[in-house]
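Data block for target11.txt (compact mmCIF, C-alpha atoms and all ligand atoms):
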# COMPACT_ATOMS: atom_id res chain seq x y z
CA MET A 1 62.23 106.82 89.09
CA LYS A 2 62.31 103.42 90.71
CA ARG A 3 65.73 102.76 89.28
CA CYS A 4 67.03 106.01 90.62
CA CYS A 5 65.73 105.19 94.07
CA TRP A 6 67.48 101.86 94.00
CA ARG A 7 70.75 103.52 93.14
CA TRP A 8 70.42 105.85 96.06
CA ARG A 9 69.84 102.95 98.36
CA VAL A 10 72.96 101.20 97.14
CA LEU A 11 74.94 104.38 97.61
CA LEU A 12 73.54 104.88 101.08
CA ALA A 13 74.32 101.30 102.03
CA ALA A 14 77.86 101.69 100.75
CA CYS A 15 78.37 104.84 102.80
CA LEU A 16 76.99 103.20 105.93
CA GLY A 17 79.20 100.18 105.41
CA ALA A 18 82.28 102.36 105.04
CA ALA A 19 81.40 104.30 108.17
CA LEU A 20 80.97 101.07 110.08
CA LEU A 21 84.36 99.88 108.95
CA LEU A 22 85.97 103.06 110.17
CA LEU A 23 84.18 102.79 113.47
CA VAL A 24 85.40 99.32 114.30
CA ALA A 25 88.95 100.04 113.15
CA ALA A 26 89.09 103.18 115.26
CA THR A 27 87.60 101.50 118.31
CA LEU A 28 90.05 98.66 118.21
CA SER A 29 93.04 100.94 118.22
CA LEU A 30 91.70 102.66 121.32
CA LEU A 31 91.02 99.53 123.31
CA PRO A 32 93.61 98.58 125.92
CA GLU A 33 95.44 95.41 125.14
CA SER A 34 93.75 93.14 127.64
CA GLU A 35 90.34 93.97 126.25
CA ASN A 36 91.55 93.31 122.75
CA GLY A 37 92.50 89.82 123.82
CA ALA A 38 89.19 89.32 125.56
CA LEU A 39 87.39 89.86 122.29
CA GLY A 40 88.45 86.38 121.30
CA SER A 41 86.99 84.88 124.47
CA GLY A 42 84.31 83.04 122.49
CA TRP A 43 87.15 80.62 121.88
CA LEU A 44 86.70 79.06 125.30
CA SER A 45 83.46 77.46 124.24
CA GLY A 46 84.78 76.42 120.83
CA LYS A 47 86.90 73.41 120.03
CA ARG A 48 89.49 74.97 117.77
CA ARG A 49 92.54 76.67 119.14
CA ASN A 50 92.60 80.30 118.18
CA ALA A 51 95.86 82.13 117.42
CA LEU A 52 94.64 85.39 118.94
CA GLN A 53 93.68 83.59 122.13
CA MET A 54 97.09 81.92 122.20
CA LEU A 55 98.75 85.32 122.11
CA TYR A 56 96.47 86.56 124.86
CA ASN A 57 97.34 83.55 127.02
CA LEU A 58 101.03 84.15 126.44
CA ASP A 59 100.66 87.75 127.54
CA GLN A 60 98.86 86.68 130.70
CA GLY A 61 101.23 83.89 131.61
CA PRO A 62 104.77 84.04 133.00
CA SER A 63 106.70 86.46 130.89
CA LEU A 64 108.32 84.85 127.90
CA ALA A 65 111.21 86.75 126.33
CA LEU A 66 109.85 86.64 122.78
CA ALA A 67 106.28 87.45 123.80
CA GLU A 68 107.68 90.43 125.71
CA VAL A 69 109.53 91.68 122.61
CA HIS A 70 106.31 91.57 120.62
CA ARG A 71 104.34 93.28 123.36
CA GLN A 72 106.86 96.12 123.39
CA ARG A 73 106.69 96.45 119.61
CA ARG A 74 102.92 96.71 119.76
CA ASN A 75 103.13 99.35 122.46
CA LEU A 76 105.69 101.31 120.53
CA LEU A 77 103.54 101.18 117.40
CA ARG A 78 100.47 102.36 119.28
CA HIS A 79 102.43 105.13 120.94
CA ALA A 80 104.00 106.27 117.66
CA CYS A 81 100.59 106.22 115.98
CA SER A 82 99.05 108.43 118.63
CA HIS A 83 101.94 110.90 118.33
CA HIS A 84 102.38 111.08 114.61
CA THR A 85 99.05 110.55 112.91
CA ARG A 86 96.64 113.31 112.23
CA ARG A 87 93.07 113.17 111.03
CA GLN A 88 92.71 110.38 108.52
CA ARG A 89 90.31 109.67 105.73
CA LEU A 90 87.77 106.83 105.86
CA LEU A 91 89.10 103.36 105.21
CA GLN A 92 87.39 101.65 102.31
CA PRO A 93 87.41 97.88 101.74
CA GLU A 94 89.74 98.47 98.79
CA ASP A 95 92.33 99.89 101.22
CA LEU A 96 92.55 96.40 102.71
CA ARG A 97 93.65 94.74 99.46
CA HIS A 98 96.96 93.69 101.02
CA VAL A 99 95.41 91.99 104.04
CA LEU A 100 95.15 88.29 103.23
CA VAL A 101 92.67 86.07 105.03
CA ASP A 102 93.00 82.56 106.41
CA ASP A 103 89.58 81.62 107.77
CA THR A 104 90.66 78.14 108.83
CA HIS A 105 93.28 79.41 111.26
CA GLY A 106 91.79 82.82 112.04
CA LEU A 107 94.63 84.82 110.54
CA LEU A 108 95.04 88.13 108.77
CA TYR A 109 98.39 88.76 107.14
CA CYS A 110 99.19 92.09 105.54
CA TYR A 111 101.83 91.49 102.91
CA ILE A 112 104.54 93.97 102.10
CA PRO A 113 106.63 93.17 99.01
CA LYS A 114 110.38 92.78 99.63
CA VAL A 115 109.72 91.55 103.16
CA ALA A 116 109.60 87.77 102.65
CA CYS A 117 106.05 88.00 101.37
CA THR A 118 106.53 85.19 98.83
CA ASN A 119 107.42 82.82 101.64
CA TRP A 120 104.52 83.96 103.78
CA LYS A 121 102.14 83.41 100.89
CA ARG A 122 103.65 79.95 100.42
CA VAL A 123 103.13 79.17 104.10
CA LEU A 124 99.51 80.35 104.00
CA LEU A 125 98.87 78.22 100.90
CA ALA A 126 100.52 75.21 102.51
CA MET A 127 98.39 75.65 105.63
CA SER A 128 95.22 75.88 103.59
CA SER A 129 95.88 72.76 101.55
CA LEU A 130 94.29 69.61 102.90
CA THR A 131 97.29 67.43 102.23
CA SER A 132 100.36 68.50 104.16
CA GLN A 133 102.59 70.36 101.80
CA ASP A 134 106.09 71.76 102.04
CA PRO A 135 105.85 75.54 101.54
CA GLN A 136 109.18 75.56 99.78
CA ALA A 137 107.81 73.27 97.08
CA ILE A 138 105.25 75.90 95.99
CA PRO A 139 106.55 77.91 93.01
CA ALA A 140 106.74 81.68 93.53
CA HIS A 141 104.41 82.46 90.62
CA GLU A 142 101.79 80.21 92.17
CA ALA A 143 102.14 81.92 95.56
CA HIS A 144 101.61 85.30 93.89
CA ALA A 145 98.81 84.20 91.53
CA PRO A 146 95.88 86.60 92.02
CA GLY A 147 92.99 85.09 93.92
CA ARG A 148 94.91 82.14 95.37
CA LEU A 149 94.60 83.71 98.81
CA PRO A 150 91.47 85.71 99.65
CA SER A 151 91.92 89.38 100.54
CA LEU A 152 89.91 91.29 103.13
CA ALA A 153 88.99 93.72 100.35
CA ASP A 154 86.84 90.99 98.79
CA PHE A 155 84.44 90.91 101.75
CA SER A 156 81.55 93.14 102.78
CA PRO A 157 82.11 95.64 105.61
CA THR A 158 80.27 93.40 108.09
CA GLU A 159 82.38 90.41 107.15
CA ILE A 160 85.50 92.53 107.32
CA ASN A 161 84.67 93.87 110.74
CA TRP A 162 84.25 90.59 112.54
CA ARG A 163 87.43 89.21 111.02
CA LEU A 164 89.30 92.31 112.16
CA ARG A 165 87.92 91.76 115.63
CA ASP A 166 88.43 88.03 116.07
CA TYR A 167 91.50 87.09 114.01
CA LEU A 168 95.18 87.34 114.77
CA ALA A 169 96.52 90.09 112.51
CA PHE A 170 100.20 90.29 111.67
CA LEU A 171 102.59 91.93 109.26
CA PHE A 172 106.30 91.85 108.56
CA VAL A 173 108.26 95.05 108.12
CA ARG A 174 111.81 95.89 107.13
CA GLU A 175 114.22 98.80 107.43
CA PRO A 176 112.63 101.18 104.89
CA PHE A 177 115.75 102.09 102.91
CA GLU A 178 116.98 98.51 102.79
CA ARG A 179 113.59 97.53 101.44
CA LEU A 180 113.80 100.34 98.88
CA ALA A 181 117.32 99.33 97.85
CA SER A 182 116.13 95.76 97.50
CA ALA A 183 113.17 96.85 95.34
CA TYR A 184 115.47 98.85 93.07
CA GLN A 185 117.98 96.02 92.81
CA ASN A 186 115.27 93.49 92.12
CA LYS A 187 113.14 95.48 89.66
CA PHE A 188 115.60 97.69 87.82
CA LYS A 189 118.88 95.77 87.98
CA ARG A 190 117.96 92.15 87.64
CA PRO A 191 117.81 90.96 84.06
CA TYR A 192 114.57 89.04 84.65
CA SER A 193 112.46 92.10 85.44
CA ALA A 194 112.18 93.22 81.83
CA ALA A 195 108.44 93.79 82.16
CA PHE A 196 108.96 96.02 85.15
CA GLN A 197 111.68 97.94 83.38
CA ARG A 198 109.45 98.44 80.35
CA HIS A 199 106.58 99.65 82.49
CA TYR A 200 108.33 101.91 85.02
CA GLY A 201 111.84 102.25 83.61
CA THR A 202 110.70 103.74 80.30
CA ARG A 203 108.53 106.23 82.16
CA ILE A 204 111.43 107.32 84.32
CA VAL A 205 113.73 107.67 81.32
CA ARG A 206 111.13 109.66 79.38
CA ARG A 207 110.47 112.01 82.24
CA LEU A 208 113.97 112.60 83.54
CA ARG A 209 116.41 112.46 80.63
CA PRO A 210 116.53 115.49 78.34
CA HIS A 211 117.99 113.52 75.41
CA PRO A 212 117.23 109.86 76.05
CA HIS A 213 118.86 107.13 74.02
CA PRO A 214 116.22 105.36 71.88
CA ASP A 215 117.23 102.02 73.35
CA ALA A 216 116.76 103.26 76.94
CA LEU A 217 113.48 104.87 75.92
CA ALA A 218 112.21 101.56 74.54
CA ARG A 219 113.50 99.21 77.26
CA GLY A 220 113.94 101.30 80.42
CA HIS A 221 116.71 98.92 81.38
CA ASP A 222 119.39 101.27 82.72
CA VAL A 223 117.62 103.41 85.33
CA ARG A 224 120.09 104.64 87.94
CA PHE A 225 119.24 104.68 91.65
CA ALA A 226 119.33 108.50 91.67
CA GLU A 227 116.81 108.56 88.81
CA PHE A 228 114.58 106.09 90.61
CA LEU A 229 114.61 108.33 93.70
CA ALA A 230 113.92 111.45 91.63
CA TYR A 231 110.90 109.64 90.19
CA LEU A 232 109.66 108.78 93.70
CA LEU A 233 110.06 112.38 94.87
CA ASP A 234 108.45 113.91 91.79
CA PRO A 235 104.97 115.06 92.91
CA ARG A 236 103.55 114.04 89.53
CA THR A 237 104.28 110.39 90.29
CA ARG A 238 101.78 110.02 93.09
CA ARG A 239 99.33 112.45 91.55
CA ASN A 240 98.84 110.08 88.63
CA GLU A 241 98.48 106.83 90.58
CA PRO A 242 99.57 105.31 93.91
CA PHE A 243 103.13 104.07 94.19
CA ASN A 244 103.73 100.54 93.03
CA GLU A 245 103.48 98.16 95.99
CA HIS A 246 107.19 97.36 95.85
CA TRP A 247 108.08 100.90 96.94
CA GLU A 248 104.87 102.07 98.56
CA ARG A 249 105.38 102.84 102.25
CA ALA A 250 104.50 99.95 104.57
CA HIS A 251 102.07 102.09 106.54
CA ALA A 252 100.21 103.02 103.35
CA LEU A 253 99.82 99.34 102.41
CA CYS A 254 98.81 98.00 105.82
CA HIS A 255 97.34 100.96 107.80
CA PRO A 256 98.93 99.96 111.12
CA CYS A 257 97.44 103.01 112.86
CA ARG A 258 93.92 102.06 111.78
CA LEU A 259 93.93 98.29 112.17
CA ARG A 260 95.01 96.39 115.26
CA TYR A 261 98.10 94.33 114.48
CA ASP A 262 98.84 91.69 117.10
CA VAL A 263 102.28 90.75 115.83
CA VAL A 264 104.75 93.07 114.14
CA GLY A 265 107.39 90.80 112.63
CA LYS A 266 110.67 92.10 111.32
CA PHE A 267 112.70 91.02 108.34
CA GLU A 268 115.83 91.52 110.44
CA THR A 269 114.66 88.77 112.82
CA LEU A 270 112.59 86.85 110.29
CA ALA A 271 113.28 83.30 111.48
CA GLU A 272 112.42 83.96 115.15
CA ASP A 273 109.41 86.12 114.38
CA ALA A 274 108.01 83.69 111.81
CA ALA A 275 108.43 80.83 114.29
CA PHE A 276 106.61 82.93 116.89
CA VAL A 277 103.62 83.44 114.58
CA LEU A 278 103.55 79.79 113.50
CA GLY A 279 103.76 78.79 117.17
CA LEU A 280 100.61 80.79 117.85
CA VAL A 281 98.85 79.19 114.89
CA GLY A 282 99.93 75.76 115.98
CA VAL A 283 100.34 73.77 112.77
CA PRO A 284 102.61 70.86 113.64
CA GLY A 285 105.46 70.16 111.26
CA LEU A 286 105.14 73.42 109.36
CA HIS A 287 108.34 75.44 109.10
CA PHE A 288 108.96 78.83 107.62
CA PRO A 289 111.32 78.48 104.62
CA ALA A 290 114.91 79.43 105.42
CA PRO A 291 115.92 82.66 103.67
CA PRO A 292 118.48 82.46 100.88
CA PRO A 293 122.03 83.37 101.99
CA ARG A 294 122.02 86.62 99.99
CA ALA A 295 119.22 87.98 102.20
CA LYS A 296 121.65 88.29 105.13
CA ALA A 297 121.11 91.48 107.11
CA ALA A 298 124.72 92.64 106.68
CA THR A 299 124.45 92.31 102.89
CA THR A 300 121.27 94.32 102.49
CA HIS A 301 122.57 96.98 104.87
CA HIS A 302 125.73 97.28 102.84
CA GLN A 303 123.75 97.43 99.61
CA ALA A 304 121.62 100.32 100.86
CA MET A 305 124.69 102.15 102.14
CA ARG A 306 126.44 101.78 98.79
CA LEU A 307 123.43 103.00 96.80
CA PHE A 308 122.81 106.01 99.03
CA GLN A 309 126.38 107.24 99.13
CA ASP A 310 126.05 108.85 95.68
CA ILE A 311 122.81 110.63 96.56
CA SER A 312 122.97 114.31 97.45
CA PRO A 313 122.09 115.34 101.04
CA PHE A 314 119.16 117.30 99.61
CA TYR A 315 117.62 114.17 98.08
CA GLN A 316 118.54 112.06 101.09
CA ARG A 317 116.62 114.43 103.33
CA ARG A 318 113.57 114.51 101.11
CA LEU A 319 113.56 110.76 100.76
CA PHE A 320 113.87 110.32 104.50
CA ASP A 321 110.84 112.58 104.92
CA LEU A 322 108.92 110.44 102.44
CA TYR A 323 109.62 107.23 104.37
CA LYS A 324 109.75 108.77 107.85
CA MET A 325 106.53 107.23 109.13
CA ASP A 326 107.82 103.73 108.45
CA PHE A 327 110.98 104.54 110.42
CA LEU A 328 108.97 105.93 113.34
CA LEU A 329 106.16 103.39 113.54
CA PHE A 330 108.43 100.37 113.42
CA ASN A 331 111.29 101.72 115.51
CA TYR A 332 113.99 101.91 112.87
CA SER A 333 116.71 104.41 113.63
CA THR A 334 117.93 106.93 111.08
CA PRO A 335 120.63 105.22 108.98
CA SER A 336 124.07 106.42 110.05
CA TYR A 337 125.22 106.80 106.43
CA LEU A 338 122.68 109.54 105.71
CA ARG A 339 123.84 113.17 105.65
CA LEU A 340 120.74 114.91 106.90
CA HIS A 341 122.29 118.03 108.39
C1 LIG A 401 113.65 100.23 119.51
O1 LIG A 401 114.96 100.35 119.01
C2 LIG A 401 115.97 100.50 119.99
C3 LIG A 401 117.27 100.77 119.28
O2 LIG A 401 117.51 99.87 118.25
C4 LIG A 401 116.00 99.26 120.88
O3 LIG A 401 116.98 99.36 121.86
C5 LIG A 401 114.62 99.07 121.51
O4 LIG A 401 114.59 97.86 122.24
C6 LIG A 401 113.54 99.04 120.44
N1 LIG A 401 112.24 99.01 121.07
C7 LIG A 401 111.29 98.15 120.72
C8 LIG A 401 110.03 98.26 121.44
O5 LIG A 401 111.44 97.32 119.83
Would you give me this structure, written as structure tokens?
Ligand SMILES: *[C@@H]1O[C@H](CO)[C@@H](O)[C@H](O)[C@H]1NC(C)=O
Amino acid sequence: MKRCCWRWRVLLAACLGAALLLLVAATLSLLPESENGALGSGWLSGKRRNALQMLYNLDQGPSLALAEVHRQRRNLLRHACSHHTRRQRLLQPEDLRHVLVDDTHGLLYCYIPKVACTNWKRVLLAMSSLTSQDPQAIPAHEAHAPGRLPSLADFSPTEINWRLRDYLAFLFVREPFERLASAYQNKFKRPYSAAFQRHYGTRIVRRLRPHPHPDALARGHDVRFAEFLAYLLDPRTRRNEPFNEHWERAHALCHPCRLRYDVVGKFETLAEDAAFVLGLVGVPGLHFPAPPPRAKAATTHHQAMRLFQDISPFYQRRLFDLYKMDFLLFNYSTPSYLRLH
């Protein structure tokens, strides 16, 4: 009897916590911008410079071209959210798995794979190390090692809520189809993603090919882009489990209509936007790693165009519908190479 009672209490507490989380997230998205900034006003009495307060000061001061760009992006996001989102389910701490926490600098970074997230993780690790460290010297596997950077999902609702209120939250997004093309190229084409091919490639081959070759069935190494897209559009795929993070929609990973993001960075202007964020954080001598030459915007645009040209208008349309929210929320225009009509 006693045991049962205890369980009920835990359940009740969990429900209350979840409701609280929803409440704060919803309130923040309704607050006008100036009030959002004012939430960090406790900073004035503190000694440490706070990134959120820096942003607020920038917005109050003489207009700075870059600060203005970011203000417009935030407004566009808020506007798009209010137009395109319907009733949403409760956010649970687990939904915030992708939001990484830097308590020293008061930062929340929601990582989206294929949008320079390795480099952002490197930068966060470098900032958190006591000895000054060059982000570029941190190996990728170390940057991605689970638990190296704390996630918001690891905290209690109360601890989550005050961080959501007081910290500078940012994310980096990318043109959705270029991100998708990059994920395909990286996970199904590259020779070093054998594990990925075995896990997802074999599934795709098994499901989509009537008479699969035993080798393809065992290795999943030769999945075509059209097959990958058919797998994404197959309702069974998401019924079984959520999309893998490499192709899950940015809005589903980061909940930009539920959480207040102060900076929306873009892969297309990565260097400037990263410098803007690091300027707000104010860590002297820390630079965002330069992207490799192959990440040039023209190249990834061309790659997406080439991959999509063999896809039927029917599939193009359905895929555009699947990723539409990411296009709308982050102001990406419909790719000109699509045949939607
Ligand atoms: C949205 O995109 C259009 C077209 O690319 C651009 O002219 C405009 O400045 C963008 N708006 C914002 C707020 O980024």
- prompt: Quick one: residues within 8 Å of ligand LIG 401 (chain A), with all atoms listed in the file, as a list in words?
  reply: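 The neighbouring residues of ligand LIG 401 (chain A) are, in order, Val69, His70, Arg71, Gln72, Arg73, Arg74, Asn75, Leu76, Phe330, Asn331, Tyr332 and Ser333 of chain A.
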Keeping only C-alpha atoms, take the residues you just selected and write them out as an mmCIF file, in the frame of the given file.
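So selection_27.cif came out as:
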data_model
loop_
_atom_site.group_PDB
_atom_site.id
_atom_site.type_symbol
_atom_site.label_atom_id
_atom_site.label_comp_id
_atom_site.auth_asym_id
_atom_site.auth_seq_id
_atom_site.Cartn_x
_atom_site.Cartn_y
_atom_site.Cartn_z
ATOM 1 C CA VAL A 69 109.530 91.680 122.610
ATOM 2 C CA HIS A 70 106.310 91.570 120.620
ATOM 3 C CA ARG A 71 104.340 93.280 123.360
ATOM 4 C CA GLN A 72 106.860 96.120 123.390
ATOM 5 C CA ARG A 73 106.690 96.450 119.610
ATOM 6 C CA ARG A 74 102.920 96.710 119.760
ATOM 7 C CA ASN A 75 103.130 99.350 122.460
ATOM 8 C CA LEU A 76 105.690 101.310 120.530
ATOM 9 C CA PHE A 330 108.430 100.370 113.420
ATOM 10 C CA ASN A 331 111.290 101.720 115.510
ATOM 11 C CA TYR A 332 113.990 101.910 112.870
ATOM 12 C CA SER A 333 116.710 104.410 113.630
#
I want to know what sits within 8 Å of segment 256-271 of chain A, based on all atoms listed in the file, with residues of the same chain fewer than 2 positions away left out; could you give that as an mmCIF file with C-alpha atoms, in the coordinates of the input?
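Writing the result to result.cif gives the following:
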data_model
loop_
_atom_site.group_PDB
_atom_site.id
_atom_site.type_symbol
_atom_site.label_atom_id
_atom_site.label_comp_id
_atom_site.auth_asym_id
_atom_site.auth_seq_id
_atom_site.Cartn_x
_atom_site.Cartn_y
_atom_site.Cartn_z
ATOM 1 C CA ALA A 25 88.950 100.040 113.150
ATOM 2 C CA ALA A 26 89.090 103.180 115.260
ATOM 3 C CA LEU A 28 90.050 98.660 118.210
ATOM 4 C CA SER A 29 93.040 100.940 118.220
ATOM 5 C CA LEU A 52 94.640 85.390 118.940
ATOM 6 C CA HIS A 70 106.310 91.570 120.620
ATOM 7 C CA ARG A 73 106.690 96.450 119.610
ATOM 8 C CA ARG A 74 102.920 96.710 119.760
ATOM 9 C CA LEU A 77 103.540 101.180 117.400
ATOM 10 C CA ARG A 78 100.470 102.360 119.280
ATOM 11 C CA CYS A 81 100.590 106.220 115.980
ATOM 12 C CA THR A 85 99.050 110.550 112.910
ATOM 13 C CA VAL A 115 109.720 91.550 103.160
ATOM 14 C CA ALA A 116 109.600 87.770 102.650
ATOM 15 C CA LEU A 164 89.300 92.310 112.160
ATOM 16 C CA LEU A 168 95.180 87.340 114.770
ATOM 17 C CA ALA A 169 96.520 90.090 112.510
ATOM 18 C CA PHE A 170 100.200 90.290 111.670
ATOM 19 C CA LEU A 171 102.590 91.930 109.260
ATOM 20 C CA PHE A 172 106.300 91.850 108.560
ATOM 21 C CA VAL A 173 108.260 95.050 108.120
ATOM 22 C CA ARG A 174 111.810 95.890 107.130
ATOM 23 C CA GLU A 175 114.220 98.800 107.430
ATOM 24 C CA HIS A 251 102.070 102.090 106.540
ATOM 25 C CA CYS A 254 98.810 98.000 105.820
ATOM 26 C CA ASP A 273 109.410 86.120 114.380
ATOM 27 C CA ALA A 274 108.010 83.690 111.810
ATOM 28 C CA ALA A 275 108.430 80.830 114.290
ATOM 29 C CA VAL A 277 103.620 83.440 114.580
ATOM 30 C CA PHE A 288 108.960 78.830 107.620
ATOM 31 C CA ALA A 290 114.910 79.430 105.420
ATOM 32 C CA ALA A 297 121.110 91.480 107.110
#
task: In Å, rounded to a single decimal, give me how far atom CA of Leu286 of chain A is from atom CA of Asp134 of chain A.
output: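 Computing the Euclidean distance for atom CA of Asp134 of chain A and atom CA of Leu286 of chain A yields 7.6 Å.
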message: Give me, as a list in words, all polymer residues having an atom no more than 8 Å from segment 208-221 of chain A, counting only C-alpha atoms and skipping those fewer than 2 positions away in the same chain.
response: Phe188, Lys189, Ala194, Gln197, Arg198, His199, Tyr200, Gly201, Thr202, Arg203, Ile204, Val205, Arg206, Val223, Glu227 and Tyr231 of chain A
- prompt: Distance atom CA of Ala65 of chain A-atom CA of Lys121 of chain A, one decimal place?
  reply: 27.2 Å
message: When you look at Ala67 of chain A with a cut-off of 9 Å (counting all atoms listed in the file), what residues show up, excluding the ones that are within fewer than 5 positions of it in the same chain? I need them as a PyMOL selection string.
response: chain A and resi 55+58-59+72+276
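Distances to Leu329 of chain A were evaluated for A:Leu280, A:Ala250, A:Ala80, A:Met127 using only C-alpha atoms, and the minimum falls at A:Ala80.
Taking atom CA of Pro113 of chain A and atom CA of Leu232 of chain A as endpoints, the distance between them is 16.8 Å.
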Counting all atoms listed in the file, write as a PDB file with C-alpha atoms, in the frame of the given file all protein and nucleic acid residues lying at most 9 Å from (103.0, 79.4, 97.4) in the file's frame.
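Output saved as out13.pdb:
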ATOM      1  CA  THR A 118     106.530  85.190  98.830  1.00  0.00           C
ATOM      2  CA  ASN A 119     107.420  82.820 101.640  1.00  0.00           C
ATOM      3  CA  TRP A 120     104.520  83.960 103.780  1.00  0.00           C
ATOM      4  CA  LYS A 121     102.140  83.410 100.890  1.00  0.00           C
ATOM      5  CA  ARG A 122     103.650  79.950 100.420  1.00  0.00           C
ATOM      6  CA  VAL A 123     103.130  79.170 104.100  1.00  0.00           C
ATOM      7  CA  LEU A 124      99.510  80.350 104.000  1.00  0.00           C
ATOM      8  CA  LEU A 125      98.870  78.220 100.900  1.00  0.00           C
ATOM      9  CA  ALA A 126     100.520  75.210 102.510  1.00  0.00           C
ATOM     10  CA  PRO A 135     105.850  75.540 101.540  1.00  0.00           C
ATOM     11  CA  GLN A 136     109.180  75.560  99.780  1.00  0.00           C
ATOM     12  CA  ALA A 137     107.810  73.270  97.080  1.00  0.00           C
ATOM     13  CA  ILE A 138     105.250  75.900  95.990  1.00  0.00           C
ATOM     14  CA  PRO A 139     106.550  77.910  93.010  1.00  0.00           C
ATOM     15  CA  ALA A 140     106.740  81.680  93.530  1.00  0.00           C
ATOM     16  CA  HIS A 141     104.410  82.460  90.620  1.00  0.00           C
ATOM     17  CA  GLU A 142     101.790  80.210  92.170  1.00  0.00           C
ATOM     18  CA  ALA A 143     102.140  81.920  95.560  1.00  0.00           C
ATOM     19  CA  HIS A 144     101.610  85.300  93.890  1.00  0.00           C
ATOM     20  CA  ALA A 145      98.810  84.200  91.530  1.00  0.00           C
ATOM     21  CA  ARG A 148      94.910  82.140  95.370  1.00  0.00           C
TER      22      ARG A 148
END
Size and centre in Å, one decimal, axis-aligned box, all listed segment 326-338 of chain A atoms plus 5 Å per side, as AutoDock Vina command-line options:
--center_x 115.7 --center_y 105.0 --center_z 110.6 --size_x 29.1 --size_y 19.2 --size_z 19.8
query: Which residues come within 12 Å of Leu322 of chain A, counting all atoms listed in the file, excluding same-chain residues fewer than 3 positions away, as an NGL selection string?
result: :A and (176-177 or 180 or 229-230 or 232-235 or 238 or 243 or 247-252 or 315-319 or 325-328)
message: Let me make sure I understand: among A:Ala153, A:Pro93, A:Thr158, A:Cys117, which one has the smallest atom-to-atom distance to Pro289 of chain A if we use all atoms listed in the file?
response: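 Once distances to Pro289 of chain A are computed over all atoms listed in the file, the minimum belongs to A:Cys117.
The list of residues with at least one atom within 8 Å of Thr300 of chain A, based on all atoms listed in the file and without residues fewer than 6 positions apart in the same chain, reads Glu178, Ala181 and Ser182 of chain A.
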